[in-house]
Every structure is written in C-alpha cells, then in structure tokens.
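A.B. asks: Quick one: the structure is below, and I'll ask about it shortly.
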Amino acid sequence: MQSWPRPSIPRLVDAGLGTGPVVRIHDTSRGDVVPTDPEGAARLYVCGITPYDATHLGHANTYLTFDLLQRAWLDHGVEVHYTQNVTDVDDPLLERATATGVDWVELAERETQLFREDMTALRMLPPEHYVGAVESIPLVVDMIKRLEETGSVYRVDDDLYFEVRSAAGFGEVSGYDAETMTRFFAERGGDPDRPGKRDPLDCLLWQAERPGEPAWDTELGRGRPGWHIECSAIALHHLGTAFDVQGGGSDLVFPHHEMSAAEAERATGEAFARAYVHAGMVGYEGEKMSKSKGNLVLVSRLRAAGHDPMAIRLALLAHHYREDWEWFGDEIGAAEERLARWRAAFARPLAGSAKVLVEQLREALANDLDAPAALAAVDAWAAADGEDGEAPAVARTAVDALLGVA
Ligand code: 5CA
Ligand code: ZN
C-alpha cells in the first residue's frame with residue numbers, strides 16, 4: 001500500500017547540538033521503564049487501523065506516541081525502520097459495509113485515504129512499509145504452514161486454530177492471569193466458548209469462507225486470515241524477529257499482542273519483539289472513544305472546523321502517552337493559545353538559551369516520552385525574557401525535530 005509523505009525533520013546534530021540520550025520506554029512485558037538498545041537501526045511495528053470509520057483522537061494519540069519515539073531515536077542517531085499494517089479485511093469492517101450498503105473494498109480505501117490525510121496534516125512520520133492484510137495473504141499462508149510444521153495447528157470444522165500454550169512465552173506480554181485473559185478474549189473478538197477448541201484461549205489463524213463474505217483461494221483452502229496472524233506475519237516479514245518495539249494502544253495488550261507474539265515465537269523459535277509499548281485510551285462522553293460505540297471526535301472534523309493540526313498535536317501532547325484520559329473539547333482552545341504563545345516567542349528577535357531548552361526536551365523525551373515535561377520546558381523558554389540574546393531559530397528547530405510541532 002502507499003504510505004503518506006514524510007514531513008521534513010531537521011537534524012539537531014547538524015546544528016552543532018550533538019545527539020540525544022539513550023531512549024528509555026515502558027515495556028508492558030517487563031512492567032518497567034527500560035532502555036531501548038537498537039543495534040544499528042531501530043525496528044518498529046505499530047498496529048494500524050481497521051479502516052471502517054475515520055481517524056479519531058484516540059488513534060491520533062496512539063500514532064503520536066510512536067512518532068515521538070521515532071523522533072527521539074533519530075535524534076539519538078539511529079536509523080528507524082517502521083512498519084504499520086492496515087486491517088483491510090475483518091469482521092467489523094465487513095459488518096459496517098453491509099450495514100451501510102457500501103462495498104467493503106471501497107469503504108476500506110476511502111477511510112485509509114482519510115487516515116493518510118490526517119496523518120500528513122498532523123506531521124506524523126510515515127511507515128517505510130504500510131501494508132494491508134489483503135495484500136499480505138501469501139505471507140499469512142506461509143506462516144500458518146510454518147506453524148503447522150510445529151504441530152500446533154488444528155482444525156475446528158474448516159477453520160484453523162493455534163494452540164496458544166504451545167508457545168513457551170505465552171502470557172508474558174500481558175502478564176495477565178487466566179481469568180483476565182478469558183474475559184478480555186471474549187470482549188475483544190475472541191471465541192472462548194466455541195465447541196471443538198482444545199483450549200478456550202486458542203486463537204483463529206484461518207477462517208474458511210462464509211457465505212456472502214470475501215475469501216481467497218490458497219493452499220489452506222478458500223478463506224481469509226485471522227487477526228493476530230496478520231500482524232505476526234507482516235512484522236516478521238518486514239522487520240525480522242526480535243525487533244525493538246511492538247506498539248499500539250493498551251486495548252491491544254491482550255489478546256492481540258499476546259497472540260501475535262506467541263504465534264511468531266512458535267513459528268521462528270525466537271522472540272517476536274524486544275519491548276511492547278502501549279498508549280493509554282482516550283475517552284469521550286464517559287467511555288473509551290471507539291468506532292463501534294460511535295462516540296468519536298474525528299481529526300478530520302477538527303481540521304474542517306479550522307483548528308490548526310499543530311494545535312491538535314499539542315492538545316494530545318499535553319497528556320503523557322500512558323495516561324487514560326477523557327476529551328472534553330476545551331483542550332483545543334488551550335492548545336491553540338499555547339501554540340500562539342510559542343509562535344510569538346519564535347518570532348522575537350532575541351530569546352533565552354536554546355542549549356538549555358534542547359537538553360530539557362531531550363531528557364524529557366528519553367524518559368519514557370514525557371511530553372508534558374517537554375511542553376513545560378518550551379513554555380518556560382517562551383516566557384523567559386531574551387536576556388541570553390540568542391536567536392530563537394535553534395529553539396524552533398528543536399521543537400520541530402523533537403515534538404513535530406512546526
Ligand atoms: N487494526 C487493529 C490493529 S492490528 C486495530 O486495533 N485497529 S483500530 O482501528 O481499532 O485501532 C487502531 C489503533 O488505535 C490501535 O493501536 C488501537 O489500540 C488504537 N486505539 C483505538 N481506540 C483508541 C482510543 N480510544 N484511545 C487510544 N488509542 C486507541
Ligand atoms: Zn495489529
């Protein structure tokens with residue numbers, strides 16, 4: 001699939017400012033903030049959208065988290081290889097297409113295009129590989145065949161299931177107990193009660209054709225991929241094993257990231273990712289913002305109402321990425337006011353020391369992407385008088401490079 005255009009990103013090292021520190025980030029699996037240690041280049045996979053409705057602020061918040069991570073890595077001096085998927089065939093997409101009388105392919109294409117436009121407006125770094133589930137079916141089939149060779153695949157009717165407990169590390173991503181796993185599995189697309197399964201948590205790898213639903217002819221028969229294997233197969237193909245970070249929102253901790261990791265580990269005998277990073281949930285009207293509930297604040301609607309995408313970015317950055325928080329609407333006004341203050345400060349002939357600001361920004365980001373601390377540092381710089389007598393251009397460049405706010 002086509003990705004979206006890459007925003008310009010200045011290199012602070014070229015401005016004589018050296019490089020940033022080692023980036024530390026919270027790994028759900030270890031339950032702790034840990035240093036990332038990319039060997040040469042950092043490899044990042046982030047779970048992409050299921051394109052049946054437009055980008056909302058929850059999505060934007062999750063993708064912004066991994067945009068910041070990439071900016072911190074780039075500033076540290078490592079290259080980044082970034083892959084993101086699009087779940088362009090799945091139950092909720094097909095259900096929405098049927099309910100609205102739209103062709104499912106058209107629906108997916110339209111919403112994916114709107115997502116690209118929203119990501120471009122928000123100056124999000126694009127993935128190097130932006131990959132759909134449909135175009136990845138051959139990868140999925142290959143991976144299921146590898147799993148079959150390990151003896152951990154079985155049939156229920158004509159569907160194929162993975163024995164999750166055949167992976168030694170199953171359970172280590174989330175750390176959840178059996179009861180929590182079962183509850184989330186049932187709530188988030190799983191089928192714990194299906195007769196014929198060996199373990200309630202075993203997950204669907206391949207779904208045989210259902211009447212009226214799309215299916216593809218493959219060596220596994222006519223059907224379509226399950227959800228978790230989609231991300232395992234795409235990530236392994238484009239990034240290899242033991243890549244640096246598997247990312248997404250915290251609603252993907254279990255089952256999605258647990259299952260993807262178990263499948264990949266069983267198929268390759270190696271770890272899937274080195275760290276699992278999860279952004280908090282953005283809520284609205286008292287509940288998690290979600291396409292299925294319809295309580296959405298769309299990025300495209302905020303843009304159409306004339307809000308500067310950089311203010312949308314700032315409104316999200318005001319919350320630490322791991323926080324669960326609720327959108328009330330007045331955040332955008334506060335962010336616009338902050339953006340105006342910053343821009344006025346950048347337009348001054350002389351300003352405070354940019355070196356101090358750059359150091360504070362780098363430390364804040366390297367410390368588990370502490371965006372609120374970074375915003376506070378820019379606020380303080382903008383409020384200080386210009387007695388250091390420096391041109392504000394360096395500070396502006398740093399805010400652009402590290403926070404993506406132009
Ligand atoms: N296609 C799958 C991932 S393979 C999927 O979860 N798609 S999604 O469209 O439902 O979500 C896309 C991304 O946005 C996921 O990383 C998800 O965790 C995140 N996300 C969804 N809702 C919210 C929310 N309310 N707040 C924060 N992040 C969210
Ligand atoms: Zn995924």
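Residue numbers start at 1 in each chain; chains themselves are named A, B, ... in the order of the structure tokens; ligands are numbered from 1 in the order shown.
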Would you please extract all strand (DSSP E or B) residues from region 193-398 of chain A, as assigned by DSSP on the backbone, and give them as a ChimeraX atom specification?

C.D. replies: /A:203-208,216-218,221-225,243-249,273-279,282-284,287-288,298,325-327,351,367,390

A.B. asks: Compile the contact shell of Tyr82 (chain A) as a list of chain:residue names: residues with an atom at most 9 Å away, counting only C-alpha atoms, same-chain residues fewer than 6 positions apart removed.

C.D. replies: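 Counting only the stated atoms, we get A:Ala42, A:Arg43, A:Leu44, A:Tyr45, A:Val46, A:Gln70, A:Pro126, A:Pro127, A:Glu128, A:His129, A:Tyr130, A:His238, A:Leu239.
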
A.B. asks: Please identify every polymer residue within 9 Å of ligand 1, using only C-alpha atoms and all ligand atoms, and present the set as a PyMOL selection string.

C.D. replies: chain A and resi 46-63+84-88+90+227-228+230-231+247-253+256-257+278-284+287-292+296+324-325

A.B. asks: Taking the backbone alone, and naming residues the way the document does, which bits of region 213-325 of chain A are helix (DSSP H, G or I) by DSSP, as a count of residues only?

C.D. replies: 47

A.B. asks: Please provide the set of residues having any atom within 10 Å of Glu336 (chain A), restricted to only C-alpha atoms, with same-chain residues fewer than 6 positions apart removed, written as a list of chain:residue names.

C.D. replies: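 Within the cut-off, the hits are A:His307, A:Asp308, A:Pro309, A:Met310, A:Ala311, A:Ile312, A:Leu314, A:Ala315, A:Trp342.
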
A.B. asks: Hey, which of A:Thr28, A:Thr180, A:Ser174, A:Ser260 ends up closest to ligand 2? Count only C-alpha atoms and all ligand atoms.

C.D. replies: A:Ser260

A.B. asks: With only C-alpha atoms and all ligand atoms as the basis for distance, which of A:Tyr176, A:Trp73, A:Trp327, A:Phe254 is at the shortest distance from ligand 2?

C.D. replies: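 Smallest distance to ligand 2 is found for A:Phe254.
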
A.B. asks: Using only C-alpha atoms for the distances, tell me which of A:Thr182, A:Gln2, A:Thr98, A:Thr83 is nearest to Phe66 (chain A).

C.D. replies: A:Thr83

A.B. asks: Taking 6 positions as the minimum chain separation for residues in the same chain, which residues sit within 9 Å of Glu148 (chain A) when counting only C-alpha atoms? Answer as a CSV table (one decimal) with N, CA and C atoms, in the first residue's frame.

C.D. replies:
```csv
chain,number,residue,atom,x,y,z
A,154,TYR,N,-4.6,-26.9,14.6
A,154,TYR,CA,-5.7,-27.9,14.5
A,154,TYR,C,-6.9,-27.3,13.9
A,162,PHE,N,-4.7,-22.0,16.5
A,162,PHE,CA,-3.4,-22.1,17.0
A,162,PHE,C,-3.5,-22.5,18.5
A,267,ALA,N,6.6,-20.1,15.6
A,267,ALA,CA,7.0,-20.3,14.2
A,267,ALA,C,8.5,-20.2,14.0
```

A.B. asks: Fewer than 3 positions away in the same chain doesn't count, so skip those; otherwise give me all residues within 7 Å of Ala233 (chain A), counting only C-alpha atoms, as a ChimeraX atom specification.

C.D. replies: /A:139-140,143,229-230,236-237

A.B. asks: Need to verify the contact set: region 349-366 of chain A, 10 Å, only C-alpha atoms, exclusion of same-chain residues closer than 5 positions in sequence. Can you return it as a PyMOL selection string?

C.D. replies: chain A and resi 12+17+19-25+35-36+68-69+71-73+75-76+371-378+380-399+402-403

A.B. asks: Between CA of Glu285 (chain A) and CA of Gly333 (chain A), measure the distance and give it in Å to one decimal.

C.D. replies: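 Going from CA of Glu285 (chain A) over to CA of Gly333 (chain A), I get 18.5 Å.
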
A.B. asks: Using only C-alpha atoms and all ligand atoms, find the one residue out of A:Gly223, A:Pro255, A:Gly404, A:Pro92 that sits nearest to ligand 2.

C.D. replies: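 Among the listed residues, the smallest separation from ligand 2 belongs to A:Pro255.
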
A.B. asks: Calculate how many Å separate CA of Gly175 (chain A) from CA of Arg266 (chain A), rounding to one decimal.

C.D. replies: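 Pair CA of Gly175 (chain A) / CA of Arg266 (chain A) returns 18.2 Å.
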
A.B. asks: Separation of CA of Asp142 (chain A) and CA of Pro211 (chain A), in Å?

C.D. replies: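 Separating CA of Asp142 (chain A) from CA of Pro211 (chain A) is a distance of 25.0 Å.
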
A.B. asks: Which residue is closest to ligand 2? Choose from A:Val131, A:Ala347, A:Leu220, A:Ala271 and count only C-alpha atoms and all ligand atoms.

C.D. replies: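 Nearest to ligand 2: A:Val131.
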
A.B. asks: Leaving out Leu125 (chain A) and any residue of its chain fewer than 4 positions from it, which residues lie within 7 Å of it when counting only C-alpha atoms, given as a ChimeraX atom specification?

C.D. replies: /A:6-7,67
